[in-house]
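Notes for the one structure printed next.
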Amino acid sequence: MRFLLDPEQRAFAHSLDSMLTAAGTPSVVRDWSQGEHASGRALWSRIAEAGVFALAVPEAYEGLGPRPVELALAFVELGRHAVPGPLVETVAAAALLAELPDPGPAKRLLPALAAGEAVAALAWQAPYALDGDAATTRLALTPDGLYLSPGHGTVRPSLDPARRLTPLEPGGELLSPDPPTAQALAHARLATAAQALGVGLALLDRTVGYVKQRTQFGAAIGSFQAVKHRLADAKTGLEFARPLLFGAALTMAPADIAAAKVTACEAAYAAARTALQLHGAIGYTAEYDLSLWLTKARALRTAWGTPDLCRAEVLSGDRRW
């Protein structure tokens with residue numbers, strides 16, 4: 001049996017790819033890393049107009065979802081173009097709000113998230129949230145419940161300069177004392193896996209192009225057998241991750257999502273190591289665009305669940321919510 005994307009899904013991915021290619025995302029990423037959000041917010045609005053955030057919001061709250069397969073497709077493209085911002089966190093926040101026993105907060109907050117008018121930061125049982133300085137909706141999940149935070153503290157640097165960490169101010173409005181979190185975690189991990197797959201594919205494409213141009217001993221280094229083997233290994237890892245990702249999007253089972261997350265993130269990390277080795281010293285420089293994907297591959301590897309944690313969930317075989 002073959003499972004293929006339908007023409008509408010392929011057209012959706014192609015339209016996102018074309019839009020993001022024209023947007024020149026490397027300059028947007030560098031602006032975002034410096035705390036300059038104007039270009040990033042403009043791109044965020046265009047992504048929202050394409051319906052990406054609405055895919056995680058139920059129709060009852062002016063969304064299109066939940067549609068996890070299309071969401072995974074979108075996040076592959078977002079990762080391929082290294083789009084900055086709390087993309088995964090906004091999706092997780094949407095899934096979290098939609099599951100609250102009291103529909104009041106969802107009615108109030110979800111339409112703006114679906115339309116791209118709001119950007120969500122989410123501190124998930126942790127002291128820091130991603131890009132809290134750029135967010136308009138700041139949620140903090142604590143042992144005492146889910147809060148709408150009144151503000152944020154000083155921005156902290158992270159491994160990926162475009163992933164800016166901010167502590168959220170304590171207190172604020174209590175949205176739910178005991179919110180269901182399973183669906184939010186599932187959406188976050190699925191989106192992270194898809195984003196990582198896109199990052200890995202971009203790293204591979206850029207490296208293949210580079211080794212065709214760089215020469216040694218009068219020949220392109222891409223003609224060397226050892227280089228071909230490294231690229232083939234990276235390609236194989238990414239291609240094995242792809243069916244796991246879309247299979248998990250179909251089932252939305254915890255074990256399947258954990259398997260997709262660990263496989264895609266490890267494949268992207270392996271592609272990053274290959275890209276760095278084959279580019280040589282230039283790959284280390286922040287001015288070279290490759291670095292935008294290298295740092296993101298490393299950061300996504302442990303976001304929303306370390307490899308060890310995801311492997312443990314795969315071994316548990318839990319396919320129930």
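Convention: chains lettered A, B, ... in structure tokens order; per-chain residue numbering from 1; ligands numbered from 1 as shown.
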
Skipping near chain neighbours, those fewer than 5 positions away, what residues fall within 8 Å of Thr166 (chain A) using only C-alpha atoms, listed as a PDB file with all heavy atoms, in the first residue's frame?
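The result, stored in out-v7.pdb:
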ATOM      1  N   TYR A 128      11.724  29.469  31.409  1.00  0.00           N
ATOM      2  CA  TYR A 128      11.873  30.333  30.236  1.00  0.00           C
ATOM      3  C   TYR A 128      10.880  29.964  29.145  1.00  0.00           C
ATOM      4  O   TYR A 128      10.483  28.810  28.999  1.00  0.00           O
ATOM      5  CB  TYR A 128      13.303  30.228  29.669  1.00  0.00           C
ATOM      6  CG  TYR A 128      14.360  30.698  30.625  1.00  0.00           C
ATOM      7  CD1 TYR A 128      15.149  29.777  31.308  1.00  0.00           C
ATOM      8  CD2 TYR A 128      14.576  32.047  30.845  1.00  0.00           C
ATOM      9  CE1 TYR A 128      16.125  30.205  32.208  1.00  0.00           C
ATOM     10  CE2 TYR A 128      15.542  32.484  31.735  1.00  0.00           C
ATOM     11  CZ  TYR A 128      16.315  31.558  32.407  1.00  0.00           C
ATOM     12  OH  TYR A 128      17.268  31.985  33.298  1.00  0.00           O
ATOM     13  N   ALA A 129      10.511  30.987  28.380  1.00  0.00           N
ATOM     14  CA  ALA A 129       9.690  30.801  27.187  1.00  0.00           C
ATOM     15  C   ALA A 129      10.474  31.293  25.984  1.00  0.00           C
ATOM     16  O   ALA A 129      11.337  32.169  26.102  1.00  0.00           O
ATOM     17  CB  ALA A 129       8.377  31.571  27.305  1.00  0.00           C
ATOM     18  N   LEU A 130      10.175  30.734  24.821  1.00  0.00           N
ATOM     19  CA  LEU A 130      10.844  31.150  23.593  1.00  0.00           C
ATOM     20  C   LEU A 130      10.213  32.433  23.062  1.00  0.00           C
ATOM     21  O   LEU A 130       8.999  32.517  22.895  1.00  0.00           O
ATOM     22  CB  LEU A 130      10.735  30.029  22.556  1.00  0.00           C
ATOM     23  CG  LEU A 130      11.483  30.235  21.241  1.00  0.00           C
ATOM     24  CD1 LEU A 130      12.976  30.229  21.470  1.00  0.00           C
ATOM     25  CD2 LEU A 130      11.094  29.149  20.240  1.00  0.00           C
ATOM     26  N   ASP A 131      11.056  33.443  22.828  1.00  0.00           N
ATOM     27  CA  ASP A 131      10.625  34.688  22.185  1.00  0.00           C
ATOM     28  C   ASP A 131       9.473  35.380  22.914  1.00  0.00           C
ATOM     29  O   ASP A 131       8.555  35.909  22.297  1.00  0.00           O
ATOM     30  CB  ASP A 131      10.224  34.426  20.731  1.00  0.00           C
ATOM     31  CG  ASP A 131      11.405  33.994  19.883  1.00  0.00           C
ATOM     32  OD1 ASP A 131      12.461  34.626  19.988  1.00  0.00           O
ATOM     33  OD2 ASP A 131      11.266  33.022  19.128  1.00  0.00           O
ATOM     34  N   GLY A 132       9.561  35.387  24.226  1.00  0.00           N
ATOM     35  CA  GLY A 132       8.535  36.068  24.998  1.00  0.00           C
ATOM     36  C   GLY A 132       8.495  37.555  24.739  1.00  0.00           C
ATOM     37  O   GLY A 132       7.450  38.199  24.917  1.00  0.00           O
ATOM     38  N   ASP A 133       9.628  38.130  24.292  1.00  0.00           N
ATOM     39  CA  ASP A 133       9.656  39.569  24.007  1.00  0.00           C
ATOM     40  C   ASP A 133       8.882  39.922  22.738  1.00  0.00           C
ATOM     41  O   ASP A 133       8.451  41.066  22.570  1.00  0.00           O
ATOM     42  CB  ASP A 133      11.099  40.057  23.897  1.00  0.00           C
ATOM     43  CG  ASP A 133      11.876  39.346  22.803  1.00  0.00           C
ATOM     44  OD1 ASP A 133      11.622  38.142  22.574  1.00  0.00           O
ATOM     45  OD2 ASP A 133      12.750  39.972  22.182  1.00  0.00           O
ATOM     46  N   HIS A 152       7.163  39.845  30.598  1.00  0.00           N
ATOM     47  CA  HIS A 152       8.364  39.014  30.506  1.00  0.00           C
ATOM     48  C   HIS A 152       9.556  39.753  31.093  1.00  0.00           C
ATOM     49  O   HIS A 152       9.543  40.977  31.270  1.00  0.00           O
ATOM     50  CB  HIS A 152       8.661  38.639  29.048  1.00  0.00           C
ATOM     51  CG  HIS A 152       9.036  39.820  28.186  1.00  0.00           C
ATOM     52  ND1 HIS A 152      10.336  40.270  28.079  1.00  0.00           N
ATOM     53  CD2 HIS A 152       8.286  40.636  27.411  1.00  0.00           C
ATOM     54  CE1 HIS A 152      10.356  41.320  27.268  1.00  0.00           C
ATOM     55  NE2 HIS A 152       9.132  41.562  26.850  1.00  0.00           N
ATOM     56  N   GLY A 153      10.603  38.975  31.385  1.00  0.00           N
ATOM     57  CA  GLY A 153      11.825  39.543  31.925  1.00  0.00           C
ATOM     58  C   GLY A 153      12.871  39.763  30.847  1.00  0.00           C
ATOM     59  O   GLY A 153      12.567  39.861  29.655  1.00  0.00           O
ATOM     60  N   THR A 154      14.127  39.809  31.272  1.00  0.00           N
ATOM     61  CA  THR A 154      15.241  40.105  30.378  1.00  0.00           C
ATOM     62  C   THR A 154      15.511  38.935  29.434  1.00  0.00           C
ATOM     63  O   THR A 154      15.519  37.774  29.853  1.00  0.00           O
ATOM     64  CB  THR A 154      16.512  40.402  31.187  1.00  0.00           C
ATOM     65  OG1 THR A 154      16.236  41.468  32.092  1.00  0.00           O
ATOM     66  CG2 THR A 154      17.658  40.795  30.274  1.00  0.00           C
ATOM     67  N   VAL A 155      15.746  39.246  28.184  1.00  0.00           N
ATOM     68  CA  VAL A 155      16.021  38.223  27.183  1.00  0.00           C
ATOM     69  C   VAL A 155      17.372  37.568  27.463  1.00  0.00           C
ATOM     70  O   VAL A 155      18.357  38.243  27.780  1.00  0.00           O
ATOM     71  CB  VAL A 155      16.012  38.835  25.771  1.00  0.00           C
ATOM     72  CG1 VAL A 155      16.413  37.803  24.720  1.00  0.00           C
ATOM     73  CG2 VAL A 155      14.640  39.402  25.453  1.00  0.00           C
ATOM     74  N   ARG A 156      17.405  36.243  27.344  1.00  0.00           N
ATOM     75  CA  ARG A 156      18.642  35.473  27.511  1.00  0.00           C
ATOM     76  C   ARG A 156      19.052  34.868  26.168  1.00  0.00           C
ATOM     77  O   ARG A 156      18.193  34.423  25.402  1.00  0.00           O
ATOM     78  CB  ARG A 156      18.445  34.348  28.531  1.00  0.00           C
ATOM     79  CG  ARG A 156      17.912  34.805  29.879  1.00  0.00           C
ATOM     80  CD  ARG A 156      18.954  35.545  30.667  1.00  0.00           C
ATOM     81  NE  ARG A 156      18.440  35.934  31.977  1.00  0.00           N
ATOM     82  CZ  ARG A 156      18.561  35.186  33.079  1.00  0.00           C
ATOM     83  NH1 ARG A 156      19.139  33.998  33.005  1.00  0.00           N
ATOM     84  NH2 ARG A 156      18.074  35.608  34.230  1.00  0.00           N
TER      85      ARG A 156
END

Set the distance at 12 Å and use only C-alpha atoms: which residues neighbour Gly280 (chain A) once local chain neighbours fewer than 2 positions away are removed? I'd like the list as number ranges by chain.
A: 207, 210-211, 214, 221, 273-278, 282-285, 288, 290

Set the distance at 9 Å and use only C-alpha atoms: which residues neighbour region 114-127 of chain A once local chain neighbours fewer than 6 positions away are removed? I'd like the list as number ranges by chain.
A: 41, 44-49, 51-57, 61-64, 85-87, 89-94, 133-143, 166-168, 304

Written selection (C-alpha atoms) as a JSON list (two decimals), in the first residue's frame:
[["chain", "number", "residue", "atom", "x", "y", "z"],
["A", 41, "ARG", "CA", 6.14, 39.94, 12.18],
["A", 44, "TRP", "CA", 4.42, 35.89, 10.36],
["A", 45, "SER", "CA", 1.34, 37.63, 8.95],
["A", 46, "ARG", "CA", 1.97, 36.18, 5.50],
["A", 47, "ILE", "CA", 2.37, 32.69, 6.96],
["A", 48, "ALA", "CA", -0.90, 33.15, 8.83],
["A", 49, "GLU", "CA", -2.64, 34.32, 5.65],
["A", 51, "GLY", "CA", -3.55, 29.30, 6.85],
["A", 52, "VAL", "CA", -0.68, 27.70, 8.75],
["A", 53, "PHE", "CA", -1.69, 28.62, 12.30],
["A", 54, "ALA", "CA", -5.36, 28.03, 11.57],
["A", 55, "LEU", "CA", -4.48, 24.37, 10.94],
["A", 56, "ALA", "CA", -4.00, 23.90, 14.70],
["A", 57, "VAL", "CA", -7.16, 25.80, 15.70],
["A", 61, "TYR", "CA", -12.70, 29.05, 17.10],
["A", 62, "GLU", "CA", -12.32, 30.36, 13.53],
["A", 63, "GLY", "CA", -9.62, 27.88, 12.54],
["A", 64, "LEU", "CA", -9.32, 25.13, 9.95],
["A", 85, "GLY", "CA", 9.80, 32.93, 15.97],
["A", 86, "PRO", "CA", 7.76, 30.82, 18.41],
["A", 87, "LEU", "CA", 6.10, 28.82, 15.64],
["A", 89, "GLU", "CA", 4.91, 27.31, 20.71],
["A", 90, "THR", "CA", 1.99, 29.08, 19.00],
["A", 91, "VAL", "CA", 0.72, 25.75, 17.70],
["A", 92, "ALA", "CA", 1.12, 24.15, 21.13],
["A", 93, "ALA", "CA", -0.66, 27.09, 22.76],
["A", 94, "ALA", "CA", -3.54, 26.74, 20.31],
["A", 133, "ASP", "CA", 9.66, 39.57, 24.01],
["A", 134, "ALA", "CA", 7.99, 39.20, 20.60],
["A", 135, "ALA", "CA", 4.82, 37.52, 21.85],
["A", 136, "THR", "CA", 1.48, 39.15, 22.47],
["A", 137, "THR", "CA", 0.00, 36.13, 24.28],
["A", 138, "ARG", "CA", 2.25, 34.71, 27.00],
["A", 139, "LEU", "CA", 1.17, 31.46, 28.63],
["A", 140, "ALA", "CA", 2.87, 29.80, 31.59],
["A", 141, "LEU", "CA", 2.10, 26.19, 32.46],
["A", 142, "THR", "CA", 3.02, 25.63, 36.11],
["A", 143, "PRO", "CA", 2.20, 22.96, 38.72],
["A", 166, "THR", "CA", 12.73, 35.04, 28.17],
["A", 167, "PRO", "CA", 11.48, 34.43, 31.69],
["A", 168, "LEU", "CA", 7.77, 35.13, 32.05],
["A", 304, "TRP", "CA", 10.06, 19.39, 23.50]]

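The interatomic distance for the pair CA of Gln183 (chain A) and CA of Ala248 (chain A) works out to 13.1 Å.
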
Quick one: residues within 8 Å of region 260-267 of chain A, only C-alpha atoms counted, chain neighbours fewer than 2 positions away excluded, as a ChimeraX atom specification?
/A:189-190,192-194,196-197,200,234,237-238,240-242,244-245,248,256-258,269-271,297,300-301,306-307,310-311

Test item: residues at most 7 Å from region 9-21 of chain A, only C-alpha atoms, excluding those fewer than 2 positions along its chain, as a PyMOL selection string
chain A and resi 5-7+23-25+70+73-74+77+81

Go ahead and save the residues from that selection, with all heavy atoms, as a tab-separated table (two decimals), in the first residue's frame.
chain	number	residue	atom	x	y	z
A	5	LEU	N	0.85	12.15	-0.70
A	5	LEU	CA	0.15	13.42	-0.53
A	5	LEU	C	-0.76	13.65	-1.74
A	5	LEU	O	-0.40	13.31	-2.87
A	5	LEU	CB	1.16	14.55	-0.41
A	5	LEU	CG	2.14	14.47	0.77
A	5	LEU	CD1	3.18	15.58	0.67
A	5	LEU	CD2	1.41	14.54	2.10
A	6	ASP	N	-1.92	14.24	-1.50
A	6	ASP	CA	-2.81	14.50	-2.62
A	6	ASP	C	-2.39	15.81	-3.30
A	6	ASP	O	-1.57	16.57	-2.77
A	6	ASP	CB	-4.27	14.54	-2.16
A	6	ASP	CG	-4.57	15.64	-1.15
A	6	ASP	OD1	-3.96	16.73	-1.24
A	6	ASP	OD2	-5.41	15.42	-0.26
A	7	PRO	N	-2.93	16.09	-4.49
A	7	PRO	CA	-2.51	17.30	-5.23
A	7	PRO	C	-2.70	18.60	-4.43
A	7	PRO	O	-1.89	19.52	-4.52
A	7	PRO	CB	-3.40	17.27	-6.48
A	7	PRO	CG	-3.71	15.82	-6.67
A	7	PRO	CD	-3.83	15.25	-5.30
A	23	ALA	N	10.73	35.60	0.26
A	23	ALA	CA	10.80	36.45	1.44
A	23	ALA	C	12.23	36.74	1.89
A	23	ALA	O	12.44	37.68	2.66
A	23	ALA	CB	10.02	35.82	2.59
A	24	GLY	N	13.20	35.94	1.42
A	24	GLY	CA	14.59	36.16	1.85
A	24	GLY	C	14.75	35.98	3.35
A	24	GLY	O	15.17	36.89	4.07
A	25	THR	N	14.44	34.79	3.85
A	25	THR	CA	14.41	34.56	5.29
A	25	THR	C	15.74	34.75	6.02
A	25	THR	O	15.71	35.10	7.20
A	25	THR	CB	13.84	33.17	5.60
A	25	THR	OG1	14.56	32.18	4.86
A	25	THR	CG2	12.37	33.09	5.26
A	70	GLU	N	-1.44	18.43	7.27
A	70	GLU	CA	-1.13	19.71	6.63
A	70	GLU	C	-0.21	20.56	7.52
A	70	GLU	O	0.65	21.29	7.02
A	70	GLU	CB	-2.41	20.47	6.31
A	70	GLU	CG	-3.21	19.91	5.14
A	70	GLU	CD	-3.99	18.64	5.50
A	70	GLU	OE1	-4.06	18.30	6.71
A	70	GLU	OE2	-4.53	18.00	4.57
A	73	LEU	N	3.24	19.29	6.97
A	73	LEU	CA	3.72	19.79	5.68
A	73	LEU	C	4.22	21.23	5.80
A	73	LEU	O	5.28	21.58	5.28
A	73	LEU	CB	2.59	19.74	4.66
A	73	LEU	CG	2.39	18.47	3.85
A	73	LEU	CD1	1.12	18.59	3.02
A	73	LEU	CD2	3.58	18.20	2.96
A	74	ALA	N	3.42	22.06	6.48
A	74	ALA	CA	3.79	23.46	6.61
A	74	ALA	C	5.08	23.63	7.40
A	74	ALA	O	5.95	24.42	7.02
A	74	ALA	CB	2.65	24.22	7.30
A	77	GLU	N	8.33	23.08	5.56
A	77	GLU	CA	8.74	24.25	4.78
A	77	GLU	C	9.27	25.37	5.68
A	77	GLU	O	10.24	26.06	5.32
A	77	GLU	CB	7.57	24.75	3.93
A	77	GLU	CG	7.08	23.76	2.90
A	77	GLU	CD	8.19	23.26	2.00
A	77	GLU	OE1	9.07	24.06	1.63
A	77	GLU	OE2	8.18	22.05	1.66
A	81	HIS	N	13.23	26.80	5.45
A	81	HIS	CA	13.60	28.20	5.24
A	81	HIS	C	14.05	28.90	6.52
A	81	HIS	O	14.24	30.12	6.52
A	81	HIS	CB	12.43	28.95	4.60
A	81	HIS	CG	12.14	28.51	3.19
A	81	HIS	ND1	12.82	29.02	2.10
A	81	HIS	CD2	11.29	27.57	2.70
A	81	HIS	CE1	12.36	28.43	1.00
A	81	HIS	NE2	11.44	27.55	1.33

Can you tell me, as a PyMOL selection string, what residues are no more than 9 Å from Gly171 (chain A) when counting only C-alpha atoms, ignoring any on the same chain fewer than 6 positions away?
chain A and resi 140+147-150

Convert the current residue selection to file output with N, CA, C and O atoms, as a tab-separated table (two decimals), in the first residue's frame.
chain	number	residue	atom	x	y	z
A	140	ALA	N	1.94	30.50	30.71
A	140	ALA	CA	2.87	29.80	31.59
A	140	ALA	C	2.15	28.60	32.19
A	140	ALA	O	1.15	28.77	32.92
A	147	TYR	N	-1.49	29.85	33.28
A	147	TYR	CA	-1.66	31.28	33.53
A	147	TYR	C	-1.41	32.08	32.26
A	147	TYR	O	-0.58	31.70	31.43
A	148	LEU	N	-2.11	33.19	32.16
A	148	LEU	CA	-1.83	34.19	31.14
A	148	LEU	C	-0.90	35.21	31.78
A	148	LEU	O	-1.32	36.01	32.62
A	149	SER	N	0.39	35.14	31.42
A	149	SER	CA	1.41	35.94	32.10
A	149	SER	C	1.26	37.41	31.74
A	149	SER	O	0.98	37.76	30.58
A	150	PRO	N	1.50	38.30	32.70
A	150	PRO	CA	1.36	39.74	32.42
A	150	PRO	C	2.53	40.35	31.68
A	150	PRO	O	2.43	41.48	31.20

Among region 83-237 of chain A, which ones does DSSP place in helix (DSSP H, G or I), written as an NGL selection string?
:A and (87-98 or 104-115 or 182-213 or 221-223 or 225-237)

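Of note, CA of Thr295 (chain A) and CA of Asp160 (chain A) are spaced 4.9 Å apart.
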
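The nearest approach to Ala60 (chain A) among the residues A:Ala106, A:Leu294, A:Ala226, A:Val314, with only C-alpha atoms taken into account, belongs to A:Ala106.
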
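Using only C-alpha atoms, the smallest distance between any of A:Leu231, A:Glu59, A:Asp205, A:Val88 and Lys107 (chain A) comes from A:Glu59.
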
Go through region 169-264 of chain A and collect every residue that DSSP, computed from the backbone, puts in strand (DSSP E); the answer should be as a ChimeraX atom specification.
/A:173-176,215-216,219-220

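For the set A:Leu146, A:Ala202, A:Ala42, A:Leu309, the residue with the smallest atom-to-atom gap to Pro170 (chain A) is A:Leu146, counting only C-alpha atoms.
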
Neighbour list for region 27-36 of chain A as an NGL selection string, cut-off 6 Å, only C-alpha atoms, skip fewer than 4 positions in-chain:
:A and (40 or 84 or 161-162)

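Pairwise distance (CA of Ala259 (chain A), CA of Gly305 (chain A)) equals 11.3 Å.
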
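With distances restricted to only C-alpha atoms, A:Pro254 is the closest residue to Ala182 (chain A) from A:Gly145, A:Pro243, A:Gly218, A:Pro254.
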
Which residue of A:Leu78, A:Ala191, A:Ala219, A:Leu174 approaches Phe246 (chain A) most closely, using only C-alpha atoms
A:Ala191
